[in-house]
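Heads up, the thing below is written out as structure tokens.
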Amino acid sequence: MNNTTSRTNIPVNPFYFPQEEENEINLKELVYKYLAYWKWFALSLTLALAAAFFYLKTQNPQYKITSSLLIKDNKNNLGQDDLMKQLDIFSSNKVVDNEIEILKSFTLMEKVVTNLNLNIQYFTSDQFKDIELYGQTSPIHLEVIKANDLAYEEPLEVKILNKNSIEINGKSYPVNQEVQTESGTFKIALTGNNPEMKELSVHLSPIQALVEGYLENLKVETSSKMSSVLMLSLESPVQEKGKDILNKLIEVYNAAGLEDKNKVAANTLVFIDERLALISKDLTEVEKNVEEFKSREGITDISAESKLFLESVKENDAQLNQVKIQQGVLNSIEQYVRNKENKAGTVPATLGLSDPVLLGLLDQLAELEAKRVQTSKLVKADNPMMIAIEDQISNLKKSLNENIQTFRKSLAITRQQLERQNAKMESLIRTVPGKERALLDISRQQAIKNNLYIFLLQKREETALAYASAVSDSRTIDEARSSNKPVKPVKRNIFLLFALAGLGIPFGFIYLIDLLNDKVKNKQEIKKATQAPILADISLGDQEEAIVINHQSRSVIAEQIRGLRTNLSFLAPGKGVQTILFTSSISGEGKSFVSLNLGASLAMTDKRTVILEMDMRKPKLHAGLEIPNTTGISSYLIGKAGLHEILRPVSGQENYYVITCGPIPPNPVELLVNGRLSELFQELKEQFDYIVVDAPPVGMVTDAQVLGQHADATLFLVRHNFTHRSSLKQIDALYKEQKFQNLNLVFNAVKHGGKYGYGYSYGYGYYN
């Protein structure tokens with residue numbers, strides 16, 4: 001029969017209902033499956049909670065340290081025009097972003113670590129963890145003279161012996177002296193704090209690694225999008241230590257800002273002091289010359305006319321000297337602008353310059369260069385922000401050069417006028433008598449130097465006042481403070497996390513085993529894989545007897561066997577089923593147990609029933625019933641025995657008989673097709689109401705297919721968590737090709753509690 005015919009002529013079975021593919025998870029089945037392992041879940045959860053408890057014992061609580069800082073935006077906007085203001089290129093937010101990066105810079109944190117000696121940590125141990133001693137809580141103070149690599153790899157175990165000696169890593173050393181150890185040269189002093197503490201360990205950490213760790217822990221962010229208030233926070237197991245770190249960070253940040261802000265004033269003070277030293281020396285020499293001249297020439301006073309002339313000359317000389325100073329300063333500024341094209345230099349002094357445009361441009365250039373230096377630490381040279389700053393500096397220097405040239409021409413004209421006036425004055429001086437003229441020249445030099453000296457003193461006081469009045473562009477709103485309760489670890493979260501892990505580990509383990517298991521686990525898998533109907537479910541049991549059903553039995557398995565017996569009447573309505581064949585895909589699926597008990601159930605209905613042990617390769621049924629196997633089916637098939645000789649009653653069962661397989665033949669298949677098998681079934685049908693055939697598995701040999709020709713119905717055993725899912729495809733093919741009459745499935749040994757199997761020993765040792 002071809003496959004097309006067989007597919008169109010599949011018999012209608014009252015127990016077959018087309019199954020739609022089920023994509024939804026059966027929650028109840030899933031819950032029951034995992035509840036079977038509740039002991040493992042309980043054990044894992046208990047261990048996880050115990051692990052959480054000990055984990056919390058080993059962890060130091062972390063406190064959150066916070067501080068707030070206001071960034072003042074008092075800078076002029078670097079000369080940006082209205083269009084740039086509208087584009088928000090120089091907005092306050094960008095200034096705040098730069099300050100955030102500065103606060104999180106390696107340089108500032110390195111100063112904090114160095115100033116507070118954070119690279120040296122003192123610890124004492126309790127039963128579960130190390131506790132850091134900070135500040136006034138440590139009984140010792142260690143000073144590192146020179147440390148080697150070993151000092152950073154292993155802690156120094158310190159034991160205080162007495163007030164004069166200590167023990168480091170098992171060796172005794174004096175206190176308050178430089179001592180040479182295996183880890184380097186150190187000096188240890190006793191602080192007098194915690195005198196009851198005698199043992200502790202000292203950890204030395206590399207500065208760079210420590211700074212990077214604190215920077216990762218440090219958070220700096222604005223309080224809101226439009227605010228210039230920065231919120232600083234970090235987590236620390238020692239509250240005082242965290243406060244000191246934030247306070248010191250703000251301190252070094254403000255100091256760095258003031259240092260940068262006062263750089264121009266400091267340079268001006270240095271320039272004025274240098275000039276004052278030179279002018280003072282020149283003034284001393286001129287005054288000495290006046291004194292010597294008057295003494296030598298005997299001059300006490302000059303005429304009133306000479307005095308008036310001298311006053312006029314002094315004023316002209318003072319103006320000329322002022323112009324010369326301005327030209328010198330202008331040359332210095334021009335050299336600064338031209339020779340420092342691509343990097344920030346020292347801003348020259350602007351002493352004597354009164355041009356507000358030039359001074360404004362210089363201030364803008366100094367601020368732009370300072371901004372370029374700060375920005376270069378944060379971004380690369382090809383960053384748009386750096387390019388914009390470079391363009392502004394370039395344009396500003398062009399404007400400066402033009403202004404310098406214009407101012408230079410103006411000074412040159414003024415100097416020429418003053419020099420011409422001086423020349424005129426000198427021609428008039430010649431009319432003065434020789435002595436008075438010589439005195440006039442000397443006094444004139446004295447007045448020039450004296451005026452210049454006074455001018456420099458005045459400018460120095462002005463610059464010093466500006467230097468002293470400089471304030472930081474930031475203000476501390478709140479000093480560092482600590483949270484009252486630890487923020488880490490959160491006990492509730494830790495217990496919850498460990499509890500989830502405790503439940504998840506057995507869940508994942510069970511799921512993995514279930515995922516790797518290729519055995520049939522439920523009826524849904526059977527229904528998806530084959531159209532063959534499921535006639536009955538048989539639960540697993542732990543009975544030791546071969547036959548578990550009798551008139552008094554009310555066990556689950558006994559009732560399920562009775563249900564299977566009832567369902568047989570629906571397989572062939574009107575006609576009835578007389579011969580029932582039991583088979584399976586492999587051995588060990590329970591067909592012998594089910595067939596034996598179904599036969600007993602049929603016999604209890606006052607129907608003569610016989611069960612045939614048709615496995616003539618390696619039979620086991622007769623051993624379970626404790627019946628001799630000297631003669632049997634093989635004896636009948638070869639003509640050496642008649643039916644009455646091989647038919648035996650089942651002990652303790654009324655109307656129930658068994659025919660064992662007999663001596664094992666060398667050629668079972670050939671023996672089954674020699675013609676005597678049909679005669680056997682014909683005789684049995686005349687004498688018995690039901691014939692139950694316990695056949696070999698179909699997956700290994702063809703015996704079952706030969707026997708199936710004589711059966712009215714075939715019951716195919718599928719065992720829960722034992723039958724391979726790949727065998728279901730073979731069952732579906734057998735059903736569609738109608739290799740067996742009325743093929744139905746029995747789902748056997750369904751597990752309800754985590755274990756399965758029958759106490760009755762049966763199976764097929766071969767077919768491995």
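Ordering of the structure tokens sets the chain letters (A, B, ...); residue numbers start at 1 within each chain; ligands are numbered from 1 in the order shown.
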
DSSP on the backbone, helix (DSSP H, G or I) only: what residues of region 411-505 of chain A does that give? Format it as JSON, numbers by chain.
{"A": [411, 412, 413, 414, 415, 416, 417, 418, 419, 420, 421, 422, 423, 424, 425, 426, 427, 428, 429, 434, 435, 436, 437, 438, 439, 440, 441, 442, 443, 444, 445, 446, 447, 448, 449, 450, 451, 452, 453, 454, 455, 456, 457, 458, 459, 460, 461, 462, 463, 464, 465, 466, 467, 468, 491, 492, 493, 494, 495, 496, 497, 498, 499, 500, 501, 502, 503, 504, 505]}

Which polymer residues have any atom within 12 Å of an atom of region 166-181 of chain A, counting only C-alpha atoms, with same-chain residues fewer than 6 positions away left out, as a CSV table (one decimal) with N, CA, C and O atoms, in the first residue's frame?
```csv
chain,number,residue,atom,x,y,z
A,139,PRO,N,47.0,54.4,66.4
A,139,PRO,CA,47.9,54.6,67.5
A,139,PRO,C,49.3,54.9,67.0
A,139,PRO,O,50.2,55.1,67.8
A,140,ILE,N,49.6,54.8,65.7
A,140,ILE,CA,50.9,55.1,65.2
A,140,ILE,C,50.8,56.0,64.0
A,140,ILE,O,49.7,56.2,63.4
A,141,HIS,N,51.9,56.6,63.6
A,141,HIS,CA,52.1,57.4,62.4
A,141,HIS,C,53.3,57.0,61.7
A,141,HIS,O,54.4,57.0,62.3
A,142,LEU,N,53.1,56.6,60.4
A,142,LEU,CA,54.3,56.1,59.7
A,142,LEU,C,54.7,57.2,58.6
A,142,LEU,O,53.8,57.8,57.9
A,143,GLU,N,55.9,57.4,58.6
A,143,GLU,CA,56.5,58.4,57.6
A,143,GLU,C,57.4,57.5,56.6
A,143,GLU,O,58.3,56.8,57.0
A,144,VAL,N,57.1,57.6,55.3
A,144,VAL,CA,57.8,56.9,54.3
A,144,VAL,C,59.0,57.7,53.9
A,144,VAL,O,58.9,58.8,53.3
A,145,ILE,N,60.2,57.1,54.2
A,145,ILE,CA,61.4,57.7,53.7
A,145,ILE,C,61.7,57.3,52.3
A,145,ILE,O,62.0,58.1,51.4
A,146,LYS,N,61.7,56.0,52.1
A,146,LYS,CA,61.9,55.4,50.8
A,146,LYS,C,61.3,54.0,50.8
A,146,LYS,O,61.6,53.2,51.7
A,147,ALA,N,60.4,53.7,49.8
A,147,ALA,CA,59.7,52.4,49.8
A,147,ALA,C,60.1,51.7,48.5
A,147,ALA,O,60.3,52.4,47.4
A,148,ASN,N,60.2,50.4,48.6
A,148,ASN,CA,60.4,49.6,47.4
A,148,ASN,C,59.1,48.9,46.9
A,148,ASN,O,58.0,49.1,47.5
A,150,LEU,N,58.1,45.9,47.2
A,150,LEU,CA,57.5,45.0,48.1
A,150,LEU,C,56.5,45.7,49.1
A,150,LEU,O,55.5,45.1,49.5
A,151,ALA,N,56.8,47.0,49.4
A,151,ALA,CA,55.9,47.7,50.3
A,151,ALA,C,54.5,47.9,49.7
A,151,ALA,O,53.5,48.0,50.4
A,154,GLU,N,52.7,43.9,49.7
A,154,GLU,CA,52.3,43.3,51.0
A,154,GLU,C,52.2,44.3,52.1
A,154,GLU,O,53.1,45.3,52.1
A,155,PRO,N,51.2,44.3,52.9
A,155,PRO,CA,51.1,45.3,54.0
A,155,PRO,C,52.1,45.1,55.1
A,155,PRO,O,52.7,44.0,55.2
A,156,LEU,N,52.3,46.1,55.8
A,156,LEU,CA,53.3,46.0,57.0
A,156,LEU,C,52.5,45.6,58.2
A,156,LEU,O,51.6,46.4,58.6
A,157,GLU,N,52.8,44.5,58.8
A,157,GLU,CA,52.1,44.1,60.0
A,157,GLU,C,52.9,44.6,61.2
A,157,GLU,O,54.0,44.3,61.5
A,158,VAL,N,52.2,45.6,61.9
A,158,VAL,CA,52.9,46.3,63.0
A,158,VAL,C,52.3,45.8,64.3
A,158,VAL,O,51.1,45.7,64.5
A,159,LYS,N,53.2,45.6,65.2
A,159,LYS,CA,52.8,45.2,66.6
A,159,LYS,C,53.6,46.1,67.6
A,159,LYS,O,54.8,46.2,67.5
A,160,ILE,N,52.8,46.8,68.4
A,160,ILE,CA,53.4,47.7,69.4
A,160,ILE,C,53.9,46.9,70.6
A,160,ILE,O,53.0,46.3,71.3
A,187,LYS,N,59.9,55.7,59.2
A,187,LYS,CA,60.0,56.2,60.5
A,187,LYS,C,58.6,56.2,61.1
A,187,LYS,O,57.6,56.7,60.6
A,188,ILE,N,58.5,55.5,62.3
A,188,ILE,CA,57.2,55.3,62.9
A,188,ILE,C,57.2,55.9,64.3
A,188,ILE,O,58.2,55.8,65.1
A,189,ALA,N,56.2,56.7,64.6
A,189,ALA,CA,56.0,57.4,65.9
A,189,ALA,C,54.7,56.9,66.5
A,189,ALA,O,53.7,56.7,65.8
A,190,LEU,N,54.7,56.9,67.8
A,190,LEU,CA,53.4,56.5,68.5
A,190,LEU,C,52.6,57.8,68.8
A,190,LEU,O,53.2,58.8,69.2
A,191,THR,N,51.3,57.8,68.5
A,191,THR,CA,50.5,58.9,68.6
A,191,THR,C,49.8,59.0,70.0
A,191,THR,O,49.3,60.1,70.3
A,198,LYS,N,47.1,47.1,70.0
A,198,LYS,CA,48.5,46.8,69.9
A,198,LYS,C,48.9,46.2,68.6
A,198,LYS,O,50.1,46.2,68.3
A,199,GLU,N,48.0,45.8,67.8
A,199,GLU,CA,48.3,45.2,66.5
A,199,GLU,C,47.5,45.8,65.4
A,199,GLU,O,46.3,46.1,65.6
A,200,LEU,N,48.2,46.2,64.3
A,200,LEU,CA,47.5,46.7,63.1
A,200,LEU,C,48.3,46.5,61.9
A,200,LEU,O,49.5,46.1,62.0
A,201,SER,N,47.7,46.8,60.7
A,201,SER,CA,48.5,46.6,59.5
A,201,SER,C,48.5,47.9,58.7
A,201,SER,O,47.5,48.7,58.8
A,202,VAL,N,49.6,48.2,58.0
A,202,VAL,CA,49.7,49.5,57.3
A,202,VAL,C,49.8,49.1,55.8
A,202,VAL,O,50.7,48.3,55.4
```

For region 639-718 of chain A versus region 533-555 of chain A, which residues have an atom no more than 12 Å away, and what is each residue's nearest atom pair and distance in Å rounded to one decimal, using only C-alpha atoms, chain-then-number order, as a tab-separated table?
```
residue	atom	partner	partner_atom	distance
A:Val650	CA	A:Ile547	CA	10.2
A:Ser651	CA	A:Ile547	CA	10.4
A:Gly652	CA	A:Asn550	CA	9.5
A:Gln653	CA	A:Asn550	CA	8.3
A:Glu654	CA	A:Asn550	CA	10.2
A:Tyr656	CA	A:Ile547	CA	11.7
A:Ala713	CA	A:Leu535	CA	11.4
A:Thr714	CA	A:Leu535	CA	10.7
A:Leu715	CA	A:Leu535	CA	8.2
A:Phe716	CA	A:Ile534	CA	9.2
A:Leu717	CA	A:Ile534	CA	9.8
A:Val718	CA	A:Ile534	CA	9.6
```

Excluding Thr579 (chain A) and its own-chain neighbours fewer than 5 positions away, which residues fall within 8 Å of it when counting only C-alpha atoms? Please give them as a short mmCIF file (atom, residue, chain, number, x, y, z; two decimals) with N, CA and C atoms, in the first residue's frame.
```
data_model
loop_
_atom_site.label_atom_id
_atom_site.label_comp_id
_atom_site.auth_asym_id
_atom_site.auth_seq_id
_atom_site.Cartn_x
_atom_site.Cartn_y
_atom_site.Cartn_z
N TYR A 690 -10.53 -12.68 25.07
CA TYR A 690 -9.49 -11.67 24.80
C TYR A 690 -8.13 -12.37 24.70
N ILE A 691 -7.35 -11.88 23.74
CA ILE A 691 -5.97 -12.37 23.55
C ILE A 691 -5.05 -11.15 23.67
N VAL A 692 -4.17 -11.16 24.66
CA VAL A 692 -3.21 -10.07 24.88
C VAL A 692 -1.84 -10.56 24.45
N VAL A 693 -1.21 -9.80 23.54
CA VAL A 693 0.09 -10.20 22.98
C VAL A 693 1.16 -9.23 23.47
N HIS A 710 -2.25 -10.12 13.06
CA HIS A 710 -3.26 -10.95 13.72
C HIS A 710 -3.98 -10.19 14.83
N ALA A 711 -3.66 -8.87 15.01
CA ALA A 711 -4.23 -8.10 16.12
C ALA A 711 -5.37 -7.22 15.63
N ASP A 712 -6.38 -7.06 16.50
CA ASP A 712 -7.47 -6.14 16.21
C ASP A 712 -7.12 -4.71 16.62
N ALA A 713 -6.24 -4.56 17.57
CA ALA A 713 -5.80 -3.25 18.05
C ALA A 713 -4.37 -3.35 18.56
#
```

Just want the 9 Å neighbourhood of Tyr453 (chain A), counted on only C-alpha atoms, with same-chain residues fewer than 2 positions away dropped. Output as a PDB file with N, CA and C atoms, in the first residue's frame.
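After the write, result-v4.pdb holds the following:
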```
ATOM      1  N   ARG A 275      62.738  97.307  38.082  1.00  0.00           N
ATOM      2  CA  ARG A 275      62.950  98.689  37.652  1.00  0.00           C
ATOM      3  C   ARG A 275      63.277  99.590  38.842  1.00  0.00           C
ATOM      4  N   LEU A 276      62.614  99.378  39.974  1.00  0.00           N
ATOM      5  CA  LEU A 276      62.892 100.187  41.163  1.00  0.00           C
ATOM      6  C   LEU A 276      64.331 100.021  41.622  1.00  0.00           C
ATOM      7  N   ILE A 279      66.425 102.147  39.169  1.00  0.00           N
ATOM      8  CA  ILE A 279      66.210 103.590  39.334  1.00  0.00           C
ATOM      9  C   ILE A 279      66.791 104.070  40.659  1.00  0.00           C
ATOM     10  N   SER A 280      66.638 103.249  41.685  1.00  0.00           N
ATOM     11  CA  SER A 280      67.189 103.630  42.994  1.00  0.00           C
ATOM     12  C   SER A 280      68.699 103.803  42.919  1.00  0.00           C
ATOM     13  N   LEU A 283      69.393 107.051  40.954  1.00  0.00           N
ATOM     14  CA  LEU A 283      69.058 108.235  41.731  1.00  0.00           C
ATOM     15  C   LEU A 283      70.110 108.517  42.790  1.00  0.00           C
ATOM     16  N   ILE A 448      64.554 113.910  37.116  1.00  0.00           N
ATOM     17  CA  ILE A 448      64.000 112.846  36.263  1.00  0.00           C
ATOM     18  C   ILE A 448      63.965 111.510  37.016  1.00  0.00           C
ATOM     19  N   LYS A 449      65.070 111.153  37.613  1.00  0.00           N
ATOM     20  CA  LYS A 449      65.140 109.881  38.332  1.00  0.00           C
ATOM     21  C   LYS A 449      64.189 109.856  39.525  1.00  0.00           C
ATOM     22  N   ASN A 450      64.070 111.007  40.207  1.00  0.00           N
ATOM     23  CA  ASN A 450      63.202 111.060  41.377  1.00  0.00           C
ATOM     24  C   ASN A 450      61.731 110.883  40.987  1.00  0.00           C
ATOM     25  N   ASN A 451      61.316 111.550  39.917  1.00  0.00           N
ATOM     26  CA  ASN A 451      59.930 111.413  39.451  1.00  0.00           C
ATOM     27  C   ASN A 451      59.626 109.972  39.016  1.00  0.00           C
ATOM     28  N   PHE A 455      56.935 107.391  40.629  1.00  0.00           N
ATOM     29  CA  PHE A 455      55.916 106.779  39.758  1.00  0.00           C
ATOM     30  C   PHE A 455      55.890 105.252  39.918  1.00  0.00           C
ATOM     31  N   LEU A 456      57.066 104.648  39.966  1.00  0.00           N
ATOM     32  CA  LEU A 456      57.135 103.191  40.116  1.00  0.00           C
ATOM     33  C   LEU A 456      56.623 102.739  41.478  1.00  0.00           C
ATOM     34  N   LEU A 457      56.937 103.517  42.522  1.00  0.00           N
ATOM     35  CA  LEU A 457      56.424 103.170  43.847  1.00  0.00           C
ATOM     36  C   LEU A 457      54.896 103.203  43.876  1.00  0.00           C
ATOM     37  N   GLN A 458      54.337 104.191  43.220  1.00  0.00           N
ATOM     38  CA  GLN A 458      52.878 104.305  43.173  1.00  0.00           C
ATOM     39  C   GLN A 458      52.261 103.105  42.449  1.00  0.00           C
TER      40      GLN A 458
END
```

From the DSSP assignment of the backbone, select every residue of region 442-507 of chain A that is strand (DSSP E), and format the answer as a PyMOL selection string.
chain A and resi 474-482

Proximity to Arg444 (chain A) - best of A:Ala366, A:Lys398, A:Val290, A:Gln322, only C-alpha atoms:
A:Val290

Identify, on the basis of only C-alpha atoms, every residue whose closest approach to Leu496 (chain A) does not exceed 12 Å; exclude the query and any residue fewer than 2 positions from it along the same chain; express the result as a list in words.
Leu45, Ala48, Leu49, Ala51, Ala52, Phe53, Val490, Lys491, Arg492, Asn493, Ile494, Phe498, Ala499, Leu500, Ala501, Gly502, Leu503 and Gly504 of chain A

Could you take the residues named above and write them with N, CA, C and O atoms, as a PDB file, in the first residue's frame?
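Output file selection16.pdb is given in full below:
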```
ATOM      1  N   LEU A  45      18.097  28.109  48.901  1.00  0.00           N
ATOM      2  CA  LEU A  45      17.707  29.397  49.454  1.00  0.00           C
ATOM      3  C   LEU A  45      18.319  29.599  50.835  1.00  0.00           C
ATOM      4  O   LEU A  45      18.790  30.700  51.165  1.00  0.00           O
ATOM      5  N   ALA A  48      21.955  30.387  50.399  1.00  0.00           N
ATOM      6  CA  ALA A  48      22.131  31.723  49.822  1.00  0.00           C
ATOM      7  C   ALA A  48      21.936  32.803  50.878  1.00  0.00           C
ATOM      8  O   ALA A  48      22.701  33.776  50.945  1.00  0.00           O
ATOM      9  N   LEU A  49      20.915  32.656  51.727  1.00  0.00           N
ATOM     10  CA  LEU A  49      20.686  33.640  52.777  1.00  0.00           C
ATOM     11  C   LEU A  49      21.810  33.621  53.809  1.00  0.00           C
ATOM     12  O   LEU A  49      22.212  34.668  54.326  1.00  0.00           O
ATOM     13  N   ALA A  51      24.887  32.826  53.065  1.00  0.00           N
ATOM     14  CA  ALA A  51      25.998  33.487  52.372  1.00  0.00           C
ATOM     15  C   ALA A  51      25.816  35.001  52.385  1.00  0.00           C
ATOM     16  O   ALA A  51      26.789  35.752  52.538  1.00  0.00           O
ATOM     17  N   ALA A  52      24.572  35.483  52.238  1.00  0.00           N
ATOM     18  CA  ALA A  52      24.303  36.921  52.295  1.00  0.00           C
ATOM     19  C   ALA A  52      24.639  37.478  53.676  1.00  0.00           C
ATOM     20  O   ALA A  52      25.204  38.573  53.801  1.00  0.00           O
ATOM     21  N   PHE A  53      24.300  36.726  54.713  1.00  0.00           N
ATOM     22  CA  PHE A  53      24.592  37.162  56.075  1.00  0.00           C
ATOM     23  C   PHE A  53      26.097  37.313  56.291  1.00  0.00           C
ATOM     24  O   PHE A  53      26.571  38.334  56.804  1.00  0.00           O
ATOM     25  N   VAL A 490      23.164  47.790  51.007  1.00  0.00           N
ATOM     26  CA  VAL A 490      21.779  47.834  51.472  1.00  0.00           C
ATOM     27  C   VAL A 490      21.365  46.404  51.822  1.00  0.00           C
ATOM     28  O   VAL A 490      21.290  45.543  50.939  1.00  0.00           O
ATOM     29  N   LYS A 491      21.131  46.155  53.103  1.00  0.00           N
ATOM     30  CA  LYS A 491      20.885  44.782  53.558  1.00  0.00           C
ATOM     31  C   LYS A 491      19.702  44.148  52.838  1.00  0.00           C
ATOM     32  O   LYS A 491      19.763  42.984  52.429  1.00  0.00           O
ATOM     33  N   ARG A 492      18.644  44.919  52.675  1.00  0.00           N
ATOM     34  CA  ARG A 492      17.467  44.363  52.011  1.00  0.00           C
ATOM     35  C   ARG A 492      17.799  43.917  50.595  1.00  0.00           C
ATOM     36  O   ARG A 492      17.421  42.827  50.159  1.00  0.00           O
ATOM     37  N   ASN A 493      18.531  44.768  49.870  1.00  0.00           N
ATOM     38  CA  ASN A 493      18.877  44.418  48.493  1.00  0.00           C
ATOM     39  C   ASN A 493      19.822  43.229  48.426  1.00  0.00           C
ATOM     40  O   ASN A 493      19.722  42.388  47.530  1.00  0.00           O
ATOM     41  N   ILE A 494      20.764  43.175  49.378  1.00  0.00           N
ATOM     42  CA  ILE A 494      21.715  42.061  49.370  1.00  0.00           C
ATOM     43  C   ILE A 494      20.997  40.745  49.636  1.00  0.00           C
ATOM     44  O   ILE A 494      21.209  39.741  48.937  1.00  0.00           O
ATOM     45  N   PHE A 498      20.778  37.714  46.944  1.00  0.00           N
ATOM     46  CA  PHE A 498      21.243  36.358  47.240  1.00  0.00           C
ATOM     47  C   PHE A 498      20.080  35.370  47.213  1.00  0.00           C
ATOM     48  O   PHE A 498      20.257  34.212  46.815  1.00  0.00           O
ATOM     49  N   ALA A 499      18.899  35.837  47.662  1.00  0.00           N
ATOM     50  CA  ALA A 499      17.738  34.950  47.617  1.00  0.00           C
ATOM     51  C   ALA A 499      17.373  34.608  46.178  1.00  0.00           C
ATOM     52  O   ALA A 499      17.064  33.450  45.856  1.00  0.00           O
ATOM     53  N   LEU A 500      17.419  35.601  45.307  1.00  0.00           N
ATOM     54  CA  LEU A 500      17.137  35.337  43.890  1.00  0.00           C
ATOM     55  C   LEU A 500      18.170  34.378  43.306  1.00  0.00           C
ATOM     56  O   LEU A 500      17.839  33.491  42.513  1.00  0.00           O
ATOM     57  N   ALA A 501      19.443  34.580  43.710  1.00  0.00           N
ATOM     58  CA  ALA A 501      20.477  33.656  43.236  1.00  0.00           C
ATOM     59  C   ALA A 501      20.245  32.252  43.784  1.00  0.00           C
ATOM     60  O   ALA A 501      20.428  31.252  43.084  1.00  0.00           O
ATOM     61  N   GLY A 502      19.818  32.194  45.078  1.00  0.00           N
ATOM     62  CA  GLY A 502      19.550  30.889  45.675  1.00  0.00           C
ATOM     63  C   GLY A 502      18.423  30.151  44.988  1.00  0.00           C
ATOM     64  O   GLY A 502      18.446  28.918  44.895  1.00  0.00           O
ATOM     65  N   LEU A 503      17.418  30.886  44.525  1.00  0.00           N
ATOM     66  CA  LEU A 503      16.329  30.248  43.778  1.00  0.00           C
ATOM     67  C   LEU A 503      16.702  30.036  42.320  1.00  0.00           C
ATOM     68  O   LEU A 503      16.251  29.079  41.687  1.00  0.00           O
ATOM     69  N   GLY A 504      17.508  30.955  41.792  1.00  0.00           N
ATOM     70  CA  GLY A 504      17.837  30.875  40.370  1.00  0.00           C
ATOM     71  C   GLY A 504      18.800  29.749  40.028  1.00  0.00           C
ATOM     72  O   GLY A 504      18.716  29.161  38.948  1.00  0.00           O
TER      73      GLY A 504
END
```

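The smallest atom-to-atom distance between Ser474 (chain A) and any of A:Thr58, A:Ser68, A:Thr124, A:Thr406, using only C-alpha atoms, is found for A:Ser68.
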
Counting only C-alpha atoms, what is within 9 Å of region 94-109 of chain A, bar same-chain residues fewer than 6 positions away, as a list in words?
Ile71, Asp73, Gln208, Val211, Glu212, Tyr214, Leu215, Leu218, Lys219, Val220, Glu221, Thr222, Ser227, Ser228, Val229, Leu230, Ile245, Leu249, Ile250, Val252, Tyr253, Ala256, Gln374, Thr375, Lys377 and Leu378 of chain A

When you draw a straight line from CA of Tyr511 (chain A) to CA of Leu497 (chain A), how long is it in Å?
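So the two atoms, CA of Tyr511 (chain A) and CA of Leu497 (chain A), lie 20.0 Å apart.
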
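Shortest separation to Gln578 (chain A) among A:Gln687, A:Thr476, A:Lys620, A:Lys64 occurs at residue A:Gln687, atoms counted being only C-alpha atoms.
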
Tell me which of A:Leu571, A:Arg408, A:Asn721, A:Val487 sits closest to Leu743 (chain A), counting only C-alpha atoms.
A:Leu571

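The coordinates place CA of Leu353 (chain A) at 23.0 Å from CA of Val313 (chain A).
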
One decimal place gives the CA of Arg608 (chain A)-CA of Phe688 (chain A) separation as 5.0 Å

Tell me which of A:Lys736, A:Lys248, A:Lys111, A:Lys607 sits closest to Tyr657 (chain A), counting only C-alpha atoms.
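With only C-alpha atoms as the atom set, the closest residue is A:Lys607.
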
Counting only C-alpha atoms, which residue out of A:Leu362, A:Phe128, A:Pro348, A:Glu479 sits closest to Ile272 (chain A)?
A:Pro348
